[in-house]
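Following: one structure in structure tokens, then a few remarks.
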Amino acid sequence: MPLIFDAKVALFEALRGRVPAGVQCTFAESGQSDRRRQIWLGATTDEELESSAMRTGPRKPTNVTGYVEVHAVVIAPGDPIGAERGAYALRDLVADACHAVDRASVAGLVDIRPESSTAETAETTDGAYSALTIRVRVRGRTTI
């Protein structure tokens, strides 16, 4: 569904404009583990397609619901509380970016917002880190 992908690109652009200095922001996982704070976009899922109107012809108005995962990692040597606090700051940044997406810039976009998040914090020999996954729900209407 191009609607979900276009919303993902708009979210990425909104994120890039909001990340503070020192936070690496990429469209996909970069594989670089040397950054202390990173944020990237992950899986894209089209979960629900539901016809919204009956009409003749092959193309029908359809409500679309999909999801985009946003991942973040914060590394804070010797400070697991600081690592998790930093991850939640990035979560708030994702919420702000969702609100900043111009819905008119994505054809058919109705709503984009964080739906849930999970954080995992651990302390290793390399230092404390917190990994965050945010599930962003994208809703729209298109003709397919």
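Every chain in the structure tokens takes a letter, A first, then B, and so on in the order presented; its residues are numbered from 1, and the ligands are numbered from 1 following the presented order.
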Contacts of Leu15 (chain A) within 8 Å, only C-alpha atoms, excl. fewer than 2 positions in-chain, as a PDB file with C-alpha atoms, in the first residue's frame:
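Generated file (out.pdb):
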```pdb
ATOM      1  CA  LEU A  11       7.260  10.570   9.410  1.00  0.00           C
ATOM      2  CA  PHE A  12      10.962  10.148   8.638  1.00  0.00           C
ATOM      3  CA  GLU A  13      11.178  13.701   7.286  1.00  0.00           C
ATOM      4  CA  GLY A  17      13.814  17.854  11.390  1.00  0.00           C
ATOM      5  CA  ARG A  18      13.377  17.284  15.130  1.00  0.00           C
ATOM      6  CA  VAL A  19      16.215  15.079  16.321  1.00  0.00           C
ATOM      7  CA  CYS A  25      18.398   9.351  12.498  1.00  0.00           C
ATOM      8  CA  LEU A  93      10.197  13.023  19.932  1.00  0.00           C
ATOM      9  CA  VAL A  94       8.442  10.396  17.786  1.00  0.00           C
ATOM     10  CA  ALA A  97       6.953  14.082  14.774  1.00  0.00           C
TER      11      ALA A  97
END
```
Work out how far CA of Thr45 (chain A) is from CA of Ala83 (chain A), in Å to one decimal.
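Here the two named atoms are 28.6 Å from each other.
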Would you please give, as a PyMOL selection string, all residues of chain A that DSSP assigns to alpha helix (DSSP H) based on the backbone?
chain A and resi 2-16+80-100
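Of the listed residues A:Leu109, A:Ala72, A:Ile39, A:Met54, the one whose atoms come nearest to Arg141 (chain A) is A:Leu109, with distances taken using only C-alpha atoms.
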Please run DSSP on the backbone and report, as a PyMOL selection string, all residues within region 3-144 of chain A that come out as strand (DSSP E).
chain A and resi 24-26+37-51+61-76+109-124+127-143
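Closest approach to Val101 (chain A) among A:Arg113, A:Thr124, A:Ala131, A:Gly82 is made by A:Arg113 (distances from only C-alpha atoms).
Among the candidates A:Ala21, A:Ile144, A:Ile112, A:Ala95, the one nearest to Tyr67 (chain A) when counting only C-alpha atoms is A:Ile112.
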Which residue out of A:Val9, A:Ser30, A:Ala89, A:Leu132 has the minimum interatomic distance to Asp102 (chain A) when only C-alpha atoms are used?
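That would be A:Val9, the residue with the smallest distance to Asp102 (chain A).
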Which neighbours of Ala87 (chain A) fall inside 10 Å, counting only C-alpha atoms, when residues of the same chain fewer than 5 positions from it are skipped, and could you give them as a count of residues only?
20
CA of Thr65 (chain A) and CA of Glu50 (chain A), how far apart in Å?
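So the two atoms, CA of Glu50 (chain A) and CA of Thr65 (chain A), lie 8.7 Å apart.
Proximity to Thr143 (chain A) was assessed for A:Ser105, A:Lys8, A:Thr118, A:Ala53 counting only C-alpha atoms; the smallest distance is recorded for A:Ala53.
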To one decimal in Å, tell me the separation between CA of Ala128 (chain A) and CA of Val70 (chain A).
20.5 Å
